[in-house]
>>> print(open('work04.pdb').read())   # PDB, C-alpha atoms
ATOM      1  CA  MET A   1      74.454 123.108 105.718
ATOM      2  CA  SER A   2      74.837 119.309 105.864
ATOM      3  CA  ASN A   3      77.885 117.594 104.424
ATOM      4  CA  THR A   4      75.657 115.924 101.829
ATOM      5  CA  GLN A   5      74.372 119.270 100.595
ATOM      6  CA  ALA A   6      77.888 120.723 100.561
ATOM      7  CA  VAL A   7      79.253 117.790  98.533
ATOM      8  CA  ASN A   8      76.374 118.166  96.071
ATOM      9  CA  GLU A   9      77.219 121.847  95.591
ATOM     10  CA  ASN A  10      80.872 120.908  95.034
ATOM     11  CA  LEU A  11      79.714 118.369  92.450
ATOM     12  CA  GLU A  12      77.946 121.054  90.432
ATOM     13  CA  ASN A  13      81.054 123.226  90.646
ATOM     14  CA  TRP A  14      83.291 120.394  89.424
ATOM     15  CA  ASN A  15      80.989 119.625  86.510
ATOM     16  CA  ASP A  16      81.563 123.237  85.451
ATOM     17  CA  ARG A  17      85.303 122.956  86.046
ATOM     18  CA  ALA A  18      85.450 119.851  83.864
ATOM     19  CA  ASN A  19      84.131 121.845  80.912
ATOM     20  CA  ILE A  20      86.861 124.456  81.395
ATOM     21  CA  HIS A  21      89.698 122.027  82.044
ATOM     22  CA  ALA A  22      88.862 119.817  79.063
ATOM     23  CA  ASN A  23      88.499 122.724  76.660
ATOM     24  CA  GLY A  24      91.844 124.468  76.879
ATOM     25  CA  ALA A  25      92.687 125.150  80.514
ATOM     26  CA  TYR A  26      94.679 121.898  80.733
ATOM     27  CA  GLY A  27      96.385 122.562  77.424
ATOM     28  CA  ASP A  28      95.931 120.644  74.189
ATOM     29  CA  LEU A  29      94.458 117.384  75.435
ATOM     30  CA  ILE A  30      93.858 116.031  71.936
ATOM     31  CA  LYS A  31      97.567 116.331  71.207
ATOM     32  CA  PHE A  32      98.325 114.790  74.589
ATOM     33  CA  ALA A  33      95.995 111.848  73.925
ATOM     34  CA  HIS A  34      97.582 111.141  70.544
ATOM     35  CA  ASP A  35     101.135 111.172  71.956
ATOM     36  CA  SER A  36     101.535 107.729  73.512
ATOM     37  CA  GLN A  37     104.786 108.797  75.207
ATOM     38  CA  SER A  38     103.328 111.839  76.968
ATOM     39  CA  ILE A  39     102.997 111.688  80.772
ATOM     40  CA  THR A  40     101.598 114.530  82.872
ATOM     41  CA  SER A  41     104.005 116.266  85.230
ATOM     42  CA  THR A  42     101.662 115.411  88.112
ATOM     43  CA  VAL A  43     102.002 111.695  87.454
ATOM     44  CA  ARG A  44     105.763 112.011  86.969
ATOM     45  CA  ARG A  45     105.988 113.413  90.497
ATOM     46  CA  ASP A  46     103.543 110.831  91.845
ATOM     47  CA  PHE A  47     105.504 108.003  90.270
ATOM     48  CA  GLU A  48     108.783 109.196  91.781
ATOM     49  CA  VAL A  49     107.125 108.930  95.211
ATOM     50  CA  LEU A  50     105.545 105.555  94.548
ATOM     51  CA  LYS A  51     108.287 103.819  92.549
ATOM     52  CA  PRO A  52     110.500 102.613  95.444
ATOM     53  CA  PHE A  53     107.544 100.680  96.902
ATOM     54  CA  LEU A  54     106.536  98.833  93.720
ATOM     55  CA  PRO A  55     107.701  95.431  92.494
ATOM     56  CA  GLU A  56     110.755  96.097  90.341
ATOM     57  CA  HIS A  57     110.012  99.836  90.742
ATOM     58  CA  SER A  58     107.259  99.635  88.129
ATOM     59  CA  VAL A  59     103.456  99.553  87.806
ATOM     60  CA  ALA A  60     103.848  97.032  84.976
ATOM     61  CA  GLY A  61     101.460  94.128  85.483
ATOM     62  CA  GLN A  62      99.577  95.882  88.295
ATOM     63  CA  ARG A  63      95.841  96.556  88.635
ATOM     64  CA  LEU A  64      95.672 100.289  89.407
ATOM     65  CA  LEU A  65      92.819 102.452  90.698
ATOM     66  CA  HIS A  66      92.954 106.246  90.429
ATOM     67  CA  LEU A  67      90.659 107.942  92.955
ATOM     68  CA  GLN A  68      89.209 111.396  92.185
ATOM     69  CA  CYS A  69      90.515 111.039  88.657
ATOM     70  CA  HIS A  70      88.748 114.134  87.204
ATOM     71  CA  ILE A  71      89.027 114.318  83.383
ATOM     72  CA  GLY A  72      91.444 111.414  83.067
ATOM     73  CA  ASN A  73      94.678 112.906  81.746
ATOM     74  CA  ASP A  74      96.559 111.627  84.795
ATOM     75  CA  THR A  75      94.754 108.282  84.600
ATOM     76  CA  LEU A  76      95.832 107.918  80.987
ATOM     77  CA  SER A  77      99.392 108.667  82.115
ATOM     78  CA  TRP A  78      99.294 105.751  84.574
ATOM     79  CA  GLN A  79      98.148 103.495  81.742
ATOM     80  CA  ARG A  80     101.127 104.638  79.694
ATOM     81  CA  LEU A  81     103.463 103.736  82.537
ATOM     82  CA  GLY A  82     102.490 100.118  81.986
ATOM     83  CA  ALA A  83      99.769  99.150  84.447
ATOM     84  CA  LYS A  84      97.964  95.983  83.368
ATOM     85  CA  GLU A  85      94.481  97.254  84.176
ATOM     86  CA  ILE A  86      93.469 100.865  84.875
ATOM     87  CA  TYR A  87      90.369 102.133  86.648
ATOM     88  CA  GLY A  88      89.311 105.661  87.541
ATOM     89  CA  LEU A  89      86.663 106.900  89.969
ATOM     90  CA  ASP A  90      85.220 110.401  90.245
ATOM     91  CA  PHE A  91      81.987 111.930  91.553
ATOM     92  CA  SER A  92      81.527 114.209  88.531
ATOM     93  CA  PRO A  93      79.703 112.624  85.562
ATOM     94  CA  LYS A  94      80.829 115.486  83.312
ATOM     95  CA  SER A  95      84.472 114.833  84.228
ATOM     96  CA  LEU A  96      84.058 111.156  83.383
ATOM     97  CA  GLU A  97      82.547 111.985  79.993
ATOM     98  CA  TYR A  98      85.745 113.823  79.112
ATOM     99  CA  ALA A  99      87.897 111.084  80.666
ATOM    100  CA  ARG A 100      86.265 108.410  78.503
ATOM    101  CA  ASP A 101      86.656 110.553  75.387
ATOM    102  CA  LEU A 102      90.337 111.093  76.169
ATOM    103  CA  ALA A 103      90.911 107.361  76.663
ATOM    104  CA  ASN A 104      89.179 106.601  73.357
ATOM    105  CA  ILE A 105      91.319 109.132  71.504
ATOM    106  CA  GLY A 106      94.421 107.673  73.134
ATOM    107  CA  ASN A 107      93.324 104.131  72.251
ATOM    108  CA  ALA A 108      93.580 103.155  75.919
ATOM    109  CA  THR A 109      91.427 100.663  77.783
ATOM    110  CA  ILE A 110      90.412 102.401  81.010
ATOM    111  CA  THR A 111      87.290 101.672  83.060
ATOM    112  CA  TYR A 112      85.683 104.729  84.660
ATOM    113  CA  VAL A 113      83.106 104.578  87.451
ATOM    114  CA  GLN A 114      81.131 107.423  88.996
ATOM    115  CA  GLY A 115      81.241 107.521  92.780
ATOM    116  CA  ASP A 116      82.251 109.343  95.948
ATOM    117  CA  ALA A 117      85.842 108.513  96.948
ATOM    118  CA  ARG A 118      84.688 108.082 100.561
ATOM    119  CA  TYR A 119      82.562 105.130  99.514
ATOM    120  CA  ALA A 120      84.677 103.791  96.673
ATOM    121  CA  SER A 121      84.536 100.216  97.934
ATOM    122  CA  LYS A 122      80.725 100.225  97.710
ATOM    123  CA  ALA A 123      80.916 101.396  94.109
ATOM    124  CA  LEU A 124      83.732  99.091  93.013
ATOM    125  CA  PHE A 125      84.399  96.044  95.182
ATOM    126  CA  ASN A 126      81.573  93.746  94.071
ATOM    127  CA  LYS A 127      82.145  94.618  90.406
ATOM    128  CA  LEU A 128      85.901  94.895  90.169
ATOM    129  CA  GLY A 129      87.470  93.229  93.208
ATOM    130  CA  GLN A 130      90.762  94.436  94.662
ATOM    131  CA  PHE A 131      93.701  96.405  93.294
ATOM    132  CA  ASP A 132      97.474  96.188  93.553
ATOM    133  CA  VAL A 133      97.923  99.970  93.525
ATOM    134  CA  ILE A 134      95.614 102.850  94.482
ATOM    135  CA  VAL A 135      96.640 106.463  93.865
ATOM    136  CA  THR A 136      95.182 109.915  94.473
ATOM    137  CA  SER A 137      96.867 113.242  93.967
ATOM    138  CA  ALA A 138      96.966 117.023  93.685
ATOM    139  CA  GLY A 139      93.980 118.668  95.326
ATOM    140  CA  THR A 140      91.776 115.777  96.376
ATOM    141  CA  ILE A 141      91.078 115.205 100.058
ATOM    142  CA  THR A 142      90.240 118.826 100.891
ATOM    143  CA  TRP A 143      86.979 118.155  99.004
ATOM    144  CA  LEU A 144      86.062 115.295 101.374
ATOM    145  CA  PRO A 145      84.293 116.163 104.664
ATOM    146  CA  ASP A 146      86.003 113.339 106.572
ATOM    147  CA  LEU A 147      88.515 110.584 105.934
ATOM    148  CA  SER A 148      87.387 107.558 107.960
ATOM    149  CA  ASP A 149      85.227 106.005 105.225
ATOM    150  CA  TRP A 150      87.759 107.074 102.601
ATOM    151  CA  ALA A 151      90.582 105.242 104.357
ATOM    152  CA  GLN A 152      88.447 102.156 104.980
ATOM    153  CA  SER A 153      87.442 102.019 101.318
ATOM    154  CA  ILE A 154      91.102 102.149 100.316
ATOM    155  CA  ALA A 155      91.942  99.311 102.707
ATOM    156  CA  ASP A 156      89.001  97.236 101.470
ATOM    157  CA  LEU A 157      89.975  97.745  97.842
ATOM    158  CA  LEU A 158      93.680  96.981  98.237
ATOM    159  CA  ALA A 159      94.821  93.440  97.604
ATOM    160  CA  PRO A 160      97.171  91.904 100.210
ATOM    161  CA  GLU A 161     100.584  93.613  99.925
ATOM    162  CA  GLY A 162      98.971  96.299  97.763
ATOM    163  CA  VAL A 163     100.160  99.906  98.076
ATOM    164  CA  PHE A 164      98.353 103.220  98.356
ATOM    165  CA  MET A 165      99.934 106.561  97.461
ATOM    166  CA  ILE A 166      98.630 110.055  98.092
ATOM    167  CA  ARG A 167     100.484 113.223  97.114
ATOM    168  CA  ASP A 168      98.426 116.292  97.853
ATOM    169  CA  ASN A 169      98.390 119.878  99.066
ATOM    170  CA  HIS A 170     100.165 120.272 102.393
ATOM    171  CA  PRO A 171      97.752 120.831 105.310
ATOM    172  CA  MET A 172      99.543 124.113 106.040
ATOM    173  CA  LEU A 173      98.147 125.589 102.827
ATOM    174  CA  PHE A 174      94.628 125.235 104.192
ATOM    175  CA  ALA A 175      95.519 127.449 107.153
ATOM    176  CA  LEU A 176      97.134 130.010 104.815
ATOM    177  CA  ASP A 177      93.957 130.068 102.696
ATOM    178  CA  ASN A 178      95.960 130.187  99.427
ATOM    179  CA  ASP A 179      96.289 133.915 100.028
ATOM    180  CA  GLY A 180      99.830 134.511 101.305
ATOM    181  CA  LEU A 181     101.960 133.747 104.343
ATOM    182  CA  GLU A 182      99.475 134.946 106.943
ATOM    183  CA  VAL A 183      97.499 132.277 108.775
ATOM    184  CA  LYS A 184      93.834 132.910 107.971
ATOM    185  CA  GLN A 185      92.019 129.911 109.439
ATOM    186  CA  SER A 186      92.456 126.917 111.697
ATOM    187  CA  TYR A 187      94.902 124.224 110.686
ATOM    188  CA  PHE A 188      93.258 121.328 112.508
ATOM    189  CA  SER A 189      90.806 118.796 111.098
ATOM    190  CA  GLY A 190      87.180 119.739 111.521
ATOM    191  CA  THR A 191      87.649 123.197 110.034
ATOM    192  CA  GLU A 192      85.227 123.826 107.173
ATOM    193  CA  VAL A 193      85.322 126.793 104.820
ATOM    194  CA  SER A 194      82.908 127.874 102.105
ATOM    195  CA  TYR A 195      83.515 130.492  99.458
ATOM    196  CA  GLU A 196      82.227 131.811  96.157
ATOM    197  CA  SER A 197      84.489 131.597  93.118
ATOM    198  CA  ASP A 198      83.808 131.695  89.387
ATOM    199  CA  SER A 199      87.337 130.566  88.581
ATOM    200  CA  SER A 200      89.192 127.286  88.832
ATOM    201  CA  TYR A 201      92.801 126.888  89.959
ATOM    202  CA  VAL A 202      94.251 127.020  86.428
ATOM    203  CA  VAL A 203      96.092 130.169  85.383
ATOM    204  CA  ASN A 204      94.464 130.444  81.943
ATOM    205  CA  ASP A 205      90.852 129.890  83.040
ATOM    206  CA  ALA A 206      89.882 133.288  81.656
ATOM    207  CA  ASP A 207      90.904 132.278  78.138
ATOM    208  CA  ASP A 208      87.788 130.096  77.855
ATOM    209  CA  GLN A 209      84.860 132.330  76.953
ATOM    210  CA  GLN A 210      82.517 129.483  76.026
ATOM    211  CA  HIS A 211      82.706 127.498  79.257
ATOM    212  CA  THR A 212      82.256 129.219  82.603
ATOM    213  CA  ILE A 213      81.683 128.263  86.221
ATOM    214  CA  ASN A 214      78.044 128.969  86.944
ATOM    215  CA  HIS A 215      77.901 127.019  90.211
ATOM    216  CA  THR A 216      80.278 129.158  92.240
ATOM    217  CA  LYS A 217      79.848 127.786  95.768
ATOM    218  CA  ASN A 218      82.757 125.697  97.100
ATOM    219  CA  TYR A 219      83.215 123.803 100.345
ATOM    220  CA  ASN A 220      86.595 122.587 101.622
ATOM    221  CA  TRP A 221      87.589 120.725 104.770
ATOM    222  CA  ALA A 222      90.892 120.726 106.669
ATOM    223  CA  HIS A 223      92.668 117.423 107.206
ATOM    224  CA  ASP A 224      95.740 117.549 109.426
ATOM    225  CA  PHE A 225      98.431 114.876 109.497
ATOM    226  CA  GLN A 226      97.026 113.313 112.651
ATOM    227  CA  GLU A 227      93.707 112.645 110.917
ATOM    228  CA  ILE A 228      95.219 111.478 107.639
ATOM    229  CA  ILE A 229      97.663 109.042 109.194
ATOM    230  CA  SER A 230      95.345 107.867 111.964
ATOM    231  CA  SER A 231      92.557 107.163 109.465
ATOM    232  CA  LEU A 232      94.824 105.031 107.282
ATOM    233  CA  ARG A 233      96.274 103.155 110.263
ATOM    234  CA  LYS A 234      92.851 102.562 111.818
ATOM    235  CA  ALA A 235      91.763 101.023 108.514
ATOM    236  CA  GLY A 236      94.610  98.530 108.901
ATOM    237  CA  LEU A 237      97.225 100.016 106.599
ATOM    238  CA  THR A 238     100.917 100.328 107.440
ATOM    239  CA  ILE A 239     102.537 103.698 106.763
ATOM    240  CA  GLU A 240     105.766 103.127 104.845
ATOM    241  CA  MET A 241     106.688 106.708 103.931
ATOM    242  CA  LEU A 242     105.765 110.303 104.766
ATOM    243  CA  GLY A 243     107.249 113.092 102.695
ATOM    244  CA  GLU A 244     107.020 116.895 102.633
ATOM    245  CA  HIS A 245     107.956 118.704  99.434
ATOM    246  CA  ASP A 246     108.816 122.268  98.429
ATOM    247  CA  LYS A 247     107.135 122.036  95.017
ATOM    248  CA  THR A 248     103.502 121.984  93.978
ATOM    249  CA  ASP A 249     101.391 121.365  90.886
ATOM    250  CA  TRP A 250      99.584 124.704  90.854
ATOM    251  CA  GLN A 251      99.971 128.286  92.061
ATOM    252  CA  ALA A 252      98.818 127.566  95.597
ATOM    253  CA  LEU A 253     100.198 130.866  96.938
ATOM    254  CA  PRO A 254     100.390 134.176  95.054
ATOM    255  CA  MET A 255     104.162 134.582  95.334
ATOM    256  CA  LEU A 256     105.023 131.145  93.907
ATOM    257  CA  THR A 257     106.989 131.184  90.673
ATOM    258  CA  TYR A 258     106.610 128.809  87.762
ATOM    259  CA  ASN A 259     109.390 126.444  86.758
ATOM    260  CA  GLU A 260     108.489 125.731  83.151
ATOM    261  CA  ALA A 261     111.120 123.024  82.693
ATOM    262  CA  ASN A 262     109.501 120.845  85.345
ATOM    263  CA  ASP A 263     105.957 122.250  85.108
ATOM    264  CA  GLU A 264     105.894 123.044  88.828
ATOM    265  CA  TRP A 265     105.497 125.972  91.224
ATOM    266  CA  VAL A 266     108.116 126.842  93.850
ATOM    267  CA  MET A 267     108.716 129.482  96.523
ATOM    268  CA  PRO A 268     111.057 132.157  95.152
ATOM    269  CA  ASP A 269     114.395 133.028  96.740
ATOM    270  CA  GLY A 270     114.088 135.409  99.653
ATOM    271  CA  TYR A 271     110.899 133.820 100.997
ATOM    272  CA  PRO A 272     110.761 131.244 103.799
ATOM    273  CA  GLN A 273     110.828 127.802 102.279
ATOM    274  CA  LEU A 274     107.672 125.937 103.263
ATOM    275  CA  PRO A 275     106.270 122.480 102.502
ATOM    276  CA  LEU A 276     103.766 122.887  99.677
ATOM    277  CA  THR A 277     102.803 119.266  99.176
ATOM    278  CA  PHE A 278     103.019 116.058 101.181
ATOM    279  CA  SER A 279     103.088 112.409 100.223
ATOM    280  CA  ILE A 280     102.238 109.165 102.002
ATOM    281  CA  VAL A 281     102.741 105.590 100.916
ATOM    282  CA  ALA A 282     100.833 102.919 102.855
ATOM    283  CA  ARG A 283     100.638  99.156 102.441
ATOM    284  CA  LYS A 284      98.046  96.505 103.207
ATOM    285  CA  CYS A 285      99.939  93.737 104.974
TER     286      CYS A 285
END
>>> encode(input="work04.pdb", output="C-alpha cells")
Amino acid sequence: MSNTQAVNENLENWNDRANIHANGAYGDLIKFAHDSQSITSTVRRDFEVLKPFLPEHSVAGQRLLHLQCHIGNDTLSWQRLGAKEIYGLDFSPKSLEYARDLANIGNATITYVQGDARYASKALFNKLGQFDVIVTSAGTITWLPDLSDWAQSIADLLAPEGVFMIRDNHPMLFALDNDGLEVKQSYFSGTEVSYESDSSYVVNDADDQQHTINHTKNYNWAHDFQEIISSLRKAGLTIEMLGEHDKTDWQALPMLTYNEANDEWVMPDGYPQLPLTFSIVARKC
C-alpha cells in the first residue's frame, strides 16, 4: 500500500478516535474548558522541557503553533500559559470540530487549520507567516511516513531565533511493539507496521458505547534518533537539547503503573528502567 493510502486510512481511524476522546475518554472536557486555570499534564511536561529555551522562561507574547493538535485540549493549555497568538494544525477534520468547540467554550481565540504536519508550511505560511514557537507532543511522529518534509516545514515556519520542541514516545517503544520487554520489530527508520484495532490508547475507551472505532486499520512508522536529528539539522535547525525520560503520558507498556498525582505512567520497581519518552529542542538561528 502507498504511503498516501496508509495516511488516508489513519485519517479515518483518527476521525473515529476524536469522537471517543471528546466524549468521555479524555475526561470531562466541558469542565476543563470552563476552568481557565486548568492545564493538561501533557503540556505541563512539555513546558518543563521548553521553558529554559524561551525568553524569560515563558511563552508570553509568543506566536505558537501546535502541530498534530488533535481535539485541542493541549492547544487550549498553551493559550492559558500566555502565548499571544495560538494556532493548531491537524489532519483530522473531526478532531478540529471538537477543538474549535472546546476553544469556544473556554472563550479562547485559537485558529485551527486542517493539514498534514509534513506539509504544514504549505498550509500555513502564506496565510499566517512564521511562528516564535512550534510544539508537537505525545504520540505524533509515528503516524508520519517520513520526516524530511516535516522538518523542513518546521524550519520554514519558524521565525529567526524561534524554537521547536518535540516530546514524544521513545523510539525504543516502537521496537517493543507496546507489548512488553521483548523486541518484536526493527528499531530503525524505514520500518512500517500495520495492525487492526478497535480501541484507542485511552484506558477507559470501553466506557463509550455510543462512539466506536469503525475504521480499525492503523499504520505506524519507526523513526530512530538518527533520522529525527538528521532531518531537523538538514532543514537548518540547531539542536539545543536532547532528553530521555522515564515517564510517559499513556500506558505504553502493559506493566507500567499509573501515578495519579502527576497523571503519568512509570515502570514499576523491579523492572529495568527504560526511556519511555524523548524530547528535543531545536532553534532556527
>>> closest_atom_pairs(input="work04.pdb", of="segment 17-88 of chain A", to="segment 132-146 of chain A", cutoff="12 Å", atoms="all atoms listed in the file", output="tab-separated table")
residue	atom	partner	partner_atom	distance
A:Ser41	CA	A:Ala138	CA	11.0
A:Thr42	CA	A:Ala138	CA	7.5
A:Val43	CA	A:Ser137	CA	8.4
A:Arg44	CA	A:Ser137	CA	11.4
A:Arg45	CA	A:Ser137	CA	9.8
A:Asp46	CA	A:Ser137	CA	7.4
A:Phe47	CA	A:Val135	CA	9.7
A:Val49	CA	A:Val135	CA	10.9
A:Leu50	CA	A:Val135	CA	9.0
A:Lys51	CA	A:Val133	CA	11.1
A:Phe53	CA	A:Val133	CA	10.2
A:Leu54	CA	A:Val133	CA	8.7
A:Pro55	CA	A:Asp132	CA	10.3
A:Ser58	CA	A:Val133	CA	10.8
A:Val59	CA	A:Val133	CA	8.0
A:Ala60	CA	A:Asp132	CA	10.7
A:Gly61	CA	A:Asp132	CA	9.2
A:Gln62	CA	A:Asp132	CA	5.7
A:Arg63	CA	A:Asp132	CA	5.2
A:Leu64	CA	A:Val133	CA	4.7
A:Leu65	CA	A:Ile134	CA	4.7
A:His66	CA	A:Val135	CA	5.0
A:Leu67	CA	A:Thr136	CA	5.2
A:Gln68	CA	A:Thr136	CA	6.6
A:Cys69	CA	A:Thr136	CA	7.5
A:His70	CA	A:Thr140	CA	9.8
A:Asp74	CA	A:Ser137	CA	9.3
A:Thr75	CA	A:Val135	CA	9.6
A:Trp78	CA	A:Val135	CA	9.7
A:Ala83	CA	A:Val133	CA	9.3
A:Lys84	CA	A:Asp132	CA	10.2
A:Glu85	CA	A:Asp132	CA	9.9
A:Ile86	CA	A:Val133	CA	9.8
A:Tyr87	CA	A:Ile134	CA	9.5
A:Gly88	CA	A:Val135	CA	9.7
>>> residues_around(input="work04.pdb", residues="Asn10 of chain A", least_positions_apart="3", cutoff="10 Å", atoms="only C-alpha atoms", output="MDAnalysis selection string")
chainID A and resid 4:7 13:16 91:92 143:144 215:220
>>> resolve_selection(input="work04.pdb", expression="the PyMOL selection byres ((chain A and resi 185) around 8)", output="MDAnalysis selection string")
chainID A and resid 174:177 183:184 186:187
>>> resolve_selection(input="work04.pdb", expression="the PyMOL selection byres ((chain A and resi 95) around 7)", output="NGL selection string")
:A and (15 or 18 or 70-71 or 92-94 or 96-99)
>>> closest_residue(input="work04.pdb", among="A:Ala155, A:Leu128, A:Ala252, A:Ala25", to="Lys234 of chain A", atoms="only C-alpha atoms")
A:Ala155
>>> closest_residue(input="work04.pdb", among="A:Asp249, A:Glu244, A:Asp90, A:Glu48", to="Leu274 of chain A", atoms="all atoms listed in the file")
A:Glu244
>>> atom_distance(input="work04.pdb", atom1="atom CA of Thr277 of chain A", atom2="atom CA of Asp168 of chain A")
5.5 Å
>>> atom_distance(input="work04.pdb", atom1="atom CA of Ile20 of chain A", atom2="atom CA of Ser194 of chain A")
21.4 Å
>>> closest_residue(input="work04.pdb", among="A:Ile280, A:Gly180, A:Ser38, A:Gln130", to="Pro160 of chain A", atoms="all atoms listed in the file")
A:Gln130
>>> closest_residue(input="work04.pdb", among="A:Val163, A:Met172, A:Leu232, A:Ile30", to="Asp149 of chain A", atoms="all atoms listed in the file")
A:Leu232
>>> resolve_selection(input="work04.pdb", expression="the PyMOL selection byres ((chain A and resi 113) around 6)", output="PyMOL selection string")
chain A and resi 89+112+114
>>> write_last_selection(input="work04.pdb", atoms="C-alpha atoms", output="mmCIF file, keeping the file's coordinate frame")
data_model
loop_
_atom_site.group_PDB
_atom_site.id
_atom_site.type_symbol
_atom_site.label_atom_id
_atom_site.label_comp_id
_atom_site.auth_asym_id
_atom_site.auth_seq_id
_atom_site.Cartn_x
_atom_site.Cartn_y
_atom_site.Cartn_z
ATOM 1 C CA LEU A 89 86.663 106.900 89.969
ATOM 2 C CA TYR A 112 85.683 104.729 84.660
ATOM 3 C CA GLN A 114 81.131 107.423 88.996
#
>>> axis_aligned_box(input="work04.pdb", around="segment 124-130 of chain A", padding_each_side="6 Å", output="AutoDock Vina command-line options")
--center_x 86.2 --center_y 96.2 --center_z 92.7 --size_x 21.2 --size_y 17.9 --size_z 17.0
>>> residues_near_point(input="work04.pdb", point="(94.9, 110.8, 111.1)", cutoff="12 Å", atoms="all atoms listed in the file", output="PyMOL selection string")
chain A and resi 146-148+150-151+171+188-190+222-235+237+239+280
>>> atom_distance(input="work04.pdb", atom1="atom CA of His170 of chain A", atom2="atom CA of Arg283 of chain A")
21.1 Å
>>> closest_residue(input="work04.pdb", among="A:Cys285, A:Gln152, A:Gly27, A:Leu181", to="Tyr271 of chain A", atoms="only C-alpha atoms")
A:Leu181
>>> residues_around(input="work04.pdb", residues="Thr257 of chain A", least_positions_apart="5", cutoff="12 Å", atoms="only C-alpha atoms", output="list in words")
Asp246, Lys247, Thr248, Asp249, Trp250, Gln251, Ala252, Asn262, Asp263, Glu264, Trp265, Val266, Met267, Pro268, Asp269 and Tyr271 of chain A
>>> closest_residue(input="work04.pdb", among="A:Pro275, A:Glu161, A:Glu9, A:Gly106", to="Leu173 of chain A", atoms="all atoms listed in the file")
A:Pro275
